[in-house]
$ cat my_file_21.txt   # compact mmCIF, N, CA and C atoms
# COMPACT_ATOMS: atom_id res chain seq x y z
N MET Z 66 77.91 99.88 70.47
CA MET Z 66 77.72 99.90 71.90
C MET Z 66 77.43 101.36 72.32
N ARG Z 67 76.37 101.55 73.12
CA ARG Z 67 75.96 102.88 73.57
C ARG Z 67 76.47 103.15 74.99
N LEU Z 68 76.44 104.42 75.35
CA LEU Z 68 76.80 104.81 76.71
C LEU Z 68 75.53 104.92 77.55
N CYS Z 69 75.59 104.39 78.72
CA CYS Z 69 74.47 104.51 79.67
C CYS Z 69 74.41 105.96 80.14
N THR Z 70 73.21 106.53 80.18
CA THR Z 70 73.07 107.93 80.60
C THR Z 70 73.31 108.10 82.10
N ASN Z 71 73.29 107.01 82.85
CA ASN Z 71 73.48 107.10 84.29
C ASN Z 71 74.95 106.90 84.67
N CYS Z 72 75.51 105.77 84.30
CA CYS Z 72 76.89 105.46 84.71
C CYS Z 72 77.94 105.90 83.68
N LYS Z 73 77.48 106.31 82.50
CA LYS Z 73 78.36 106.82 81.43
C LYS Z 73 79.34 105.78 80.90
N LEU Z 74 79.04 104.50 81.12
CA LEU Z 74 79.90 103.43 80.62
C LEU Z 74 79.26 102.77 79.41
N PRO Z 75 80.08 102.26 78.50
CA PRO Z 75 79.51 101.55 77.35
C PRO Z 75 78.94 100.20 77.81
N LYS Z 76 77.69 99.95 77.46
CA LYS Z 76 77.02 98.71 77.87
C LYS Z 76 76.32 98.08 76.68
N ASN Z 77 76.12 96.77 76.78
CA ASN Z 77 75.41 96.05 75.74
C ASN Z 77 73.92 95.91 76.03
N LYS Z 78 73.57 95.85 77.31
CA LYS Z 78 72.17 95.60 77.68
C LYS Z 78 71.55 96.84 78.30
N TYR Z 79 70.39 97.20 77.75
CA TYR Z 79 69.64 98.35 78.24
C TYR Z 79 68.25 97.91 78.63
N TYR Z 80 67.69 98.58 79.63
CA TYR Z 80 66.37 98.20 80.11
C TYR Z 80 65.31 98.70 79.15
N LYS Z 81 64.57 97.79 78.53
CA LYS Z 81 63.44 98.09 77.63
C LYS Z 81 63.77 99.20 76.64
N ASN Z 82 64.88 99.05 75.93
CA ASN Z 82 65.31 100.02 74.91
C ASN Z 82 65.42 101.44 75.45
N ASN Z 83 65.75 101.56 76.72
CA ASN Z 83 65.93 102.84 77.36
C ASN Z 83 67.39 103.24 77.25
N ASN Z 84 67.74 104.41 77.72
CA ASN Z 84 69.14 104.85 77.70
C ASN Z 84 69.87 104.51 78.99
N VAL Z 85 69.21 103.76 79.87
CA VAL Z 85 69.82 103.36 81.13
C VAL Z 85 70.11 101.86 81.06
N CYS Z 86 71.34 101.47 81.40
CA CYS Z 86 71.71 100.06 81.34
C CYS Z 86 70.94 99.26 82.39
N THR Z 87 70.84 97.97 82.20
CA THR Z 87 70.07 97.13 83.12
C THR Z 87 70.67 97.17 84.53
N ASP Z 88 71.98 97.26 84.66
CA ASP Z 88 72.60 97.32 85.98
C ASP Z 88 72.18 98.59 86.74
N CYS Z 89 72.18 99.73 86.07
CA CYS Z 89 71.77 100.99 86.71
C CYS Z 89 70.29 100.98 87.02
N TYR Z 90 69.50 100.40 86.13
CA TYR Z 90 68.06 100.32 86.37
C TYR Z 90 67.77 99.51 87.63
N LYS Z 91 68.42 98.34 87.74
CA LYS Z 91 68.20 97.49 88.92
C LYS Z 91 68.65 98.19 90.19
N GLU Z 92 69.78 98.88 90.14
CA GLU Z 92 70.29 99.60 91.32
C GLU Z 92 69.33 100.71 91.72
N ARG Z 93 68.83 101.46 90.76
CA ARG Z 93 67.90 102.55 91.05
C ARG Z 93 66.60 102.01 91.63
N ARG Z 94 66.11 100.91 91.06
CA ARG Z 94 64.87 100.30 91.53
C ARG Z 94 65.04 99.76 92.96
N TYR Z 95 66.18 99.11 93.20
CA TYR Z 95 66.49 98.56 94.52
C TYR Z 95 66.52 99.68 95.56
N ASN Z 96 67.22 100.77 95.27
CA ASN Z 96 67.33 101.89 96.20
C ASN Z 96 65.99 102.58 96.41
N HIS Z 97 65.20 102.70 95.36
CA HIS Z 97 63.90 103.34 95.46
C HIS Z 97 62.99 102.54 96.39
N ARG Z 98 63.00 101.23 96.27
CA ARG Z 98 62.17 100.39 97.14
C ARG Z 98 62.64 100.44 98.58
N ARG Z 99 63.95 100.52 98.79
CA ARG Z 99 64.48 100.58 100.15
C ARG Z 99 64.06 101.90 100.80
N GLU Z 100 64.07 102.97 100.03
CA GLU Z 100 63.72 104.28 100.57
C GLU Z 100 62.22 104.42 100.81
N ASN Z 101 61.40 103.72 100.05
CA ASN Z 101 59.95 103.84 100.21
C ASN Z 101 59.28 102.46 100.13
N PRO Z 102 59.25 101.73 101.25
CA PRO Z 102 58.67 100.39 101.24
C PRO Z 102 57.18 100.36 100.92
N LYS Z 103 56.49 101.49 101.05
CA LYS Z 103 55.07 101.52 100.70
C LYS Z 103 54.86 101.16 99.23
N LEU Z 104 55.80 101.56 98.39
CA LEU Z 104 55.64 101.30 96.96
C LEU Z 104 55.65 99.81 96.65
N ARG Z 105 56.49 99.06 97.35
CA ARG Z 105 56.51 97.62 97.11
C ARG Z 105 55.22 96.98 97.62
N LEU Z 106 54.75 97.41 98.79
CA LEU Z 106 53.49 96.88 99.31
C LEU Z 106 52.35 97.18 98.34
N LEU Z 107 52.31 98.40 97.82
CA LEU Z 107 51.25 98.78 96.88
C LEU Z 107 51.34 98.00 95.57
N SER Z 108 52.55 97.88 95.06
CA SER Z 108 52.74 97.16 93.80
C SER Z 108 52.31 95.70 93.92
N SER Z 109 52.71 95.07 95.00
CA SER Z 109 52.34 93.66 95.22
C SER Z 109 50.83 93.52 95.42
N ALA Z 110 50.23 94.45 96.18
CA ALA Z 110 48.79 94.39 96.42
C ALA Z 110 48.01 94.59 95.13
N LYS Z 111 48.47 95.51 94.31
CA LYS Z 111 47.79 95.77 93.03
C LYS Z 111 47.84 94.52 92.14
N HIS Z 112 48.98 93.86 92.13
CA HIS Z 112 49.13 92.63 91.35
C HIS Z 112 48.19 91.55 91.88
N ARG Z 113 48.13 91.37 93.22
CA ARG Z 113 47.24 90.37 93.80
C ARG Z 113 45.77 90.70 93.55
N ALA Z 114 45.43 91.99 93.61
CA ALA Z 114 44.04 92.40 93.37
C ALA Z 114 43.61 92.04 91.95
N LYS Z 115 44.49 92.26 91.01
CA LYS Z 115 44.18 91.91 89.62
C LYS Z 115 44.03 90.40 89.47
N LYS Z 116 44.94 89.66 90.09
CA LYS Z 116 44.93 88.20 90.02
C LYS Z 116 43.68 87.62 90.69
N GLU Z 117 43.28 88.20 91.84
CA GLU Z 117 42.12 87.72 92.60
C GLU Z 117 40.81 88.36 92.14
N ASN Z 118 40.91 89.31 91.20
CA ASN Z 118 39.74 90.01 90.67
C ASN Z 118 38.95 90.71 91.78
N VAL Z 119 39.68 91.46 92.62
CA VAL Z 119 39.06 92.26 93.68
C VAL Z 119 39.44 93.73 93.47
N PRO Z 120 38.65 94.66 93.99
CA PRO Z 120 38.93 96.08 93.81
C PRO Z 120 40.26 96.52 94.43
N PHE Z 121 40.84 97.55 93.84
CA PHE Z 121 42.06 98.17 94.34
C PHE Z 121 41.97 99.67 94.09
N ASN Z 122 42.09 100.49 95.15
CA ASN Z 122 42.10 101.95 94.96
C ASN Z 122 42.99 102.64 95.98
N LEU Z 123 44.11 102.04 96.31
CA LEU Z 123 45.00 102.59 97.33
C LEU Z 123 46.11 103.44 96.73
N SER Z 124 46.60 104.36 97.53
CA SER Z 124 47.80 105.11 97.19
C SER Z 124 48.69 105.11 98.44
N ALA Z 125 49.91 105.57 98.28
CA ALA Z 125 50.86 105.58 99.40
C ALA Z 125 50.40 106.49 100.53
N ASP Z 126 49.53 107.44 100.24
CA ASP Z 126 49.02 108.36 101.27
C ASP Z 126 47.92 107.75 102.12
N ASP Z 127 47.41 106.59 101.74
CA ASP Z 127 46.27 105.98 102.43
C ASP Z 127 46.65 105.20 103.68
N PHE Z 128 47.93 104.97 103.93
CA PHE Z 128 48.34 104.20 105.10
C PHE Z 128 49.75 104.56 105.51
N ASP Z 129 50.07 104.25 106.75
CA ASP Z 129 51.43 104.40 107.28
C ASP Z 129 51.89 103.04 107.79
N ILE Z 130 53.17 102.81 107.71
CA ILE Z 130 53.74 101.56 108.23
C ILE Z 130 54.17 101.81 109.66
N PRO Z 131 53.56 101.11 110.63
CA PRO Z 131 53.92 101.32 112.03
C PRO Z 131 55.31 100.74 112.33
N SER Z 132 55.87 101.13 113.44
CA SER Z 132 57.18 100.60 113.82
C SER Z 132 57.08 99.17 114.34
N HIS Z 133 55.91 98.81 114.90
CA HIS Z 133 55.70 97.47 115.46
C HIS Z 133 54.39 96.88 114.94
N CYS Z 134 54.35 95.57 114.86
CA CYS Z 134 53.14 94.87 114.43
C CYS Z 134 52.05 95.07 115.47
N PRO Z 135 50.86 95.55 115.07
CA PRO Z 135 49.79 95.76 116.04
C PRO Z 135 49.22 94.46 116.59
N VAL Z 136 49.50 93.34 115.95
CA VAL Z 136 48.97 92.04 116.39
C VAL Z 136 49.96 91.34 117.32
N LEU Z 137 51.21 91.19 116.88
CA LEU Z 137 52.19 90.42 117.64
C LEU Z 137 53.17 91.29 118.43
N GLY Z 138 53.21 92.58 118.15
CA GLY Z 138 54.09 93.48 118.89
C GLY Z 138 55.54 93.43 118.48
N ILE Z 139 55.87 92.68 117.42
CA ILE Z 139 57.28 92.60 116.99
C ILE Z 139 57.63 93.81 116.14
N GLU Z 140 58.91 94.20 116.17
CA GLU Z 140 59.36 95.34 115.38
C GLU Z 140 59.28 94.99 113.90
N LEU Z 141 58.74 95.90 113.10
CA LEU Z 141 58.64 95.69 111.67
C LEU Z 141 59.88 96.22 110.99
N LYS Z 142 60.48 95.40 110.14
CA LYS Z 142 61.65 95.80 109.38
C LYS Z 142 61.41 95.45 107.93
N TYR Z 143 61.74 96.38 107.06
CA TYR Z 143 61.57 96.15 105.64
C TYR Z 143 62.82 95.45 105.11
N ASN Z 144 62.70 94.18 104.79
CA ASN Z 144 63.83 93.36 104.36
C ASN Z 144 63.88 93.29 102.84
N ILE Z 145 64.94 93.81 102.28
CA ILE Z 145 65.11 93.79 100.83
C ILE Z 145 66.22 92.81 100.49
N GLY Z 146 66.06 92.16 99.35
CA GLY Z 146 67.13 91.29 98.87
C GLY Z 146 66.67 89.87 98.71
N ILE Z 147 67.61 88.98 98.67
CA ILE Z 147 67.33 87.57 98.44
C ILE Z 147 66.48 87.02 99.58
N GLY Z 148 65.45 86.30 99.23
CA GLY Z 148 64.60 85.70 100.24
C GLY Z 148 63.29 86.42 100.45
N GLY Z 149 63.22 87.69 100.04
CA GLY Z 149 61.97 88.43 100.10
C GLY Z 149 61.50 88.69 101.52
N PHE Z 150 60.21 88.41 101.75
CA PHE Z 150 59.59 88.72 103.03
C PHE Z 150 60.09 87.83 104.15
N ARG Z 151 60.21 88.41 105.32
CA ARG Z 151 60.56 87.71 106.54
C ARG Z 151 59.36 87.84 107.49
N ASP Z 152 59.39 87.13 108.60
CA ASP Z 152 58.29 87.19 109.57
C ASP Z 152 58.03 88.61 110.06
N ASN Z 153 59.08 89.42 110.17
CA ASN Z 153 58.90 90.77 110.70
C ASN Z 153 58.76 91.84 109.61
N SER Z 154 58.56 91.42 108.36
CA SER Z 154 58.32 92.37 107.27
C SER Z 154 56.90 92.94 107.38
N PRO Z 155 56.71 94.21 107.02
CA PRO Z 155 55.35 94.74 107.00
C PRO Z 155 54.55 94.10 105.88
N SER Z 156 53.28 93.86 106.14
CA SER Z 156 52.41 93.19 105.19
C SER Z 156 51.06 93.90 105.15
N LEU Z 157 50.51 94.03 103.95
CA LEU Z 157 49.22 94.69 103.76
C LEU Z 157 48.12 93.63 103.86
N ASP Z 158 47.21 93.82 104.81
CA ASP Z 158 46.15 92.84 105.07
C ASP Z 158 44.80 93.41 104.69
N LYS Z 159 43.98 92.58 104.04
CA LYS Z 159 42.59 92.95 103.76
C LYS Z 159 41.75 92.47 104.93
N ARG Z 160 41.06 93.37 105.61
CA ARG Z 160 40.23 92.98 106.75
C ARG Z 160 39.09 92.08 106.29
N ILE Z 161 38.40 92.48 105.24
CA ILE Z 161 37.36 91.65 104.64
C ILE Z 161 37.83 91.34 103.23
N PRO Z 162 38.34 90.13 102.99
CA PRO Z 162 38.99 89.81 101.72
C PRO Z 162 38.16 90.12 100.47
N GLU Z 163 36.86 89.91 100.53
CA GLU Z 163 36.02 90.11 99.35
C GLU Z 163 35.95 91.58 98.91
N LEU Z 164 36.18 92.51 99.84
CA LEU Z 164 36.11 93.93 99.51
C LEU Z 164 37.35 94.42 98.78
N GLY Z 165 38.43 93.65 98.86
CA GLY Z 165 39.65 94.00 98.15
C GLY Z 165 40.52 95.00 98.89
N TYR Z 166 41.47 95.55 98.14
CA TYR Z 166 42.42 96.51 98.69
C TYR Z 166 41.87 97.91 98.47
N VAL Z 167 40.97 98.31 99.37
CA VAL Z 167 40.34 99.63 99.27
C VAL Z 167 40.52 100.37 100.59
N LYS Z 168 40.40 101.69 100.52
CA LYS Z 168 40.54 102.52 101.72
C LYS Z 168 39.57 102.05 102.79
N GLY Z 169 40.05 101.92 104.02
CA GLY Z 169 39.22 101.50 105.13
C GLY Z 169 39.14 99.99 105.32
N ASN Z 170 39.69 99.22 104.39
CA ASN Z 170 39.61 97.77 104.49
C ASN Z 170 41.00 97.14 104.63
N ILE Z 171 42.00 97.93 104.93
CA ILE Z 171 43.36 97.38 105.03
C ILE Z 171 43.98 97.72 106.38
N SER Z 172 44.91 96.88 106.79
CA SER Z 172 45.76 97.15 107.95
C SER Z 172 47.16 96.68 107.62
N ILE Z 173 48.12 97.26 108.30
CA ILE Z 173 49.51 96.85 108.15
C ILE Z 173 49.87 96.04 109.39
N MET Z 174 50.39 94.86 109.16
CA MET Z 174 50.83 93.98 110.26
C MET Z 174 52.05 93.22 109.79
N SER Z 175 52.62 92.42 110.66
CA SER Z 175 53.78 91.62 110.27
C SER Z 175 53.34 90.53 109.30
N PHE Z 176 54.27 90.12 108.47
CA PHE Z 176 54.01 89.05 107.51
C PHE Z 176 53.59 87.79 108.25
N ARG Z 177 54.19 87.55 109.41
CA ARG Z 177 53.84 86.36 110.21
C ARG Z 177 52.39 86.42 110.68
N ALA Z 178 51.97 87.55 111.24
CA ALA Z 178 50.59 87.69 111.70
C ALA Z 178 49.61 87.53 110.54
N ASN Z 179 49.96 88.08 109.40
CA ASN Z 179 49.09 87.99 108.23
C ASN Z 179 48.98 86.54 107.75
N ARG Z 180 50.10 85.82 107.80
CA ARG Z 180 50.08 84.39 107.41
C ARG Z 180 49.24 83.58 108.37
N ILE Z 181 49.35 83.87 109.67
CA ILE Z 181 48.59 83.12 110.68
C ILE Z 181 47.10 83.27 110.43
N LYS Z 182 46.66 84.48 110.14
CA LYS Z 182 45.23 84.72 109.96
C LYS Z 182 44.76 84.53 108.52
N ASN Z 183 45.66 84.15 107.64
CA ASN Z 183 45.39 84.06 106.21
C ASN Z 183 44.05 83.42 105.85
N ASN Z 184 43.86 82.16 106.19
CA ASN Z 184 42.65 81.45 105.79
C ASN Z 184 41.81 80.98 106.97
N ALA Z 185 42.21 81.31 108.16
CA ALA Z 185 41.51 80.81 109.34
C ALA Z 185 40.29 81.67 109.67
N THR Z 186 39.26 81.03 110.15
CA THR Z 186 38.10 81.76 110.65
C THR Z 186 38.35 82.06 112.13
N LEU Z 187 37.54 82.93 112.69
CA LEU Z 187 37.67 83.26 114.12
C LEU Z 187 37.47 82.00 114.96
N GLU Z 188 36.52 81.17 114.59
CA GLU Z 188 36.25 79.93 115.33
C GLU Z 188 37.46 79.00 115.30
N GLU Z 189 38.12 78.90 114.15
CA GLU Z 189 39.30 78.05 114.05
C GLU Z 189 40.43 78.58 114.92
N ILE Z 190 40.63 79.88 114.91
CA ILE Z 190 41.68 80.48 115.73
C ILE Z 190 41.38 80.27 117.22
N GLU Z 191 40.11 80.40 117.59
CA GLU Z 191 39.72 80.17 118.99
C GLU Z 191 39.95 78.71 119.38
N LYS Z 192 39.66 77.76 118.50
CA LYS Z 192 39.91 76.35 118.79
C LYS Z 192 41.39 76.08 118.98
N ILE Z 193 42.21 76.67 118.14
CA ILE Z 193 43.67 76.51 118.27
C ILE Z 193 44.12 77.10 119.60
N HIS Z 194 43.58 78.27 119.95
CA HIS Z 194 43.92 78.92 121.21
C HIS Z 194 43.56 78.02 122.40
N GLU Z 195 42.37 77.48 122.39
CA GLU Z 195 41.93 76.59 123.47
C GLU Z 195 42.82 75.34 123.55
N TRP Z 196 43.15 74.79 122.40
CA TRP Z 196 43.99 73.59 122.36
C TRP Z 196 45.37 73.90 122.94
N LEU Z 197 45.93 75.05 122.54
CA LEU Z 197 47.26 75.42 123.06
C LEU Z 197 47.22 75.68 124.57
N LYS Z 198 46.17 76.27 125.06
CA LYS Z 198 46.04 76.50 126.51
C LYS Z 198 46.00 75.16 127.27
N GLY Z 199 45.36 74.15 126.69
CA GLY Z 199 45.26 72.84 127.33
C GLY Z 199 46.56 72.07 127.32
N LYS Z 200 47.50 72.42 126.43
CA LYS Z 200 48.79 71.71 126.31
C LYS Z 200 49.78 72.16 127.37
N GLN Z 201 49.52 73.29 128.02
CA GLN Z 201 50.52 73.82 128.97
C GLN Z 201 50.33 73.26 130.34

$ encode --input "my_file_21.txt" --output "structure tokens"
Amino acid sequence: MRLCTNCKLPKNKYYKNNNVCTDCYKERRYNHRRENPKLRLLSSAKHRAKKENVPFNLSADDFDIPSHCPVLGIELKYNIGIGGFRDNSPSLDKRIPELGYVKGNISIMSFRANRIKNNATLEEIEKIHEWLKGKQ
């Protein structure tokens, strides 16, 4: 049994044959993401770009996370832990999906706003808007 270089306790499980135990690794990763939510947004976007076969060339310096969603006006909060994203979580949006996650083609909005506009065309959103206005 080896000693973890972080917590100095004897442990059986180490992260990828490293000198840091899996518990310390998870704690460090959790804290790092909480301190810098841009990294999680970038990591997830890079994974989606690879999966969708679209370009990706972003860095953390290419965008800022606003305090409020520019679409819905709700306060953005970075929610970490069980359950993942919430409606008020910041979300990275591709303005023109085919161009991918590249500089000038992204905006930060709430996860809810991004879900609403996910697959809808402008015409579909306008039809929904007109329908909702007629229901009141």

$ closest_residue --input "my_file_21.txt" --among "Z:Ser175, Z:Asn184, Z:Pro155, Z:Lys192" --to "Leu106 of chain Z" --atoms "only N, CA and C atoms"
Z:Pro155

$ atom_distance --input "my_file_21.txt" --atom1 "atom C of Glu92 of chain Z" --atom2 "atom C of Ala125 of chain Z"
21.7 Å

$ atom_distance --input "my_file_21.txt" --atom1 "atom CA of Leu68 of chain Z" --atom2 "atom CA of Asn84 of chain Z"
7.7 Å

$ closest_residue --input "my_file_21.txt" --among "Z:Ser156, Z:Leu187, Z:Lys103, Z:Val167" --to "Leu123 of chain Z" --atoms "only N, CA and C atoms"
Z:Val167

$ residues_around --input "my_file_21.txt" --residues "Asn83 of chain Z" --least-positions-apart "5" --cutoff "12 Å" --atoms "only C-alpha atoms" --output "PyMOL selection string"
chain Z and resi 67-71+76-78+89-90

$ atom_distance --input "my_file_21.txt" --atom1 "atom CA of Asn101 of chain Z" --atom2 "atom CA of Asn153 of chain Z"
16.8 Å

$ closest_residue --input "my_file_21.txt" --among "Z:Leu137, Z:Val119, Z:Val85, Z:Ile161" --to "Met174 of chain Z" --atoms "only N, CA and C atoms"
Z:Leu137

$ closest_residue --input "my_file_21.txt" --among "Z:Arg177, Z:Lys168, Z:Lys159, Z:Lys200" --to "Ala114 of chain Z" --atoms "only C-alpha atoms"
Z:Lys159

$ select_by_dssp --input "my_file_21.txt" --residues "segment 82-165 of chain Z" --states "strand (DSSP E or B)" --output "list of chain:residue names"
Z:Cys86, Z:Phe121, Z:His133, Z:Glu140, Z:Pro155, Z:Ser156, Z:Leu157, Z:Asp158, Z:Lys159
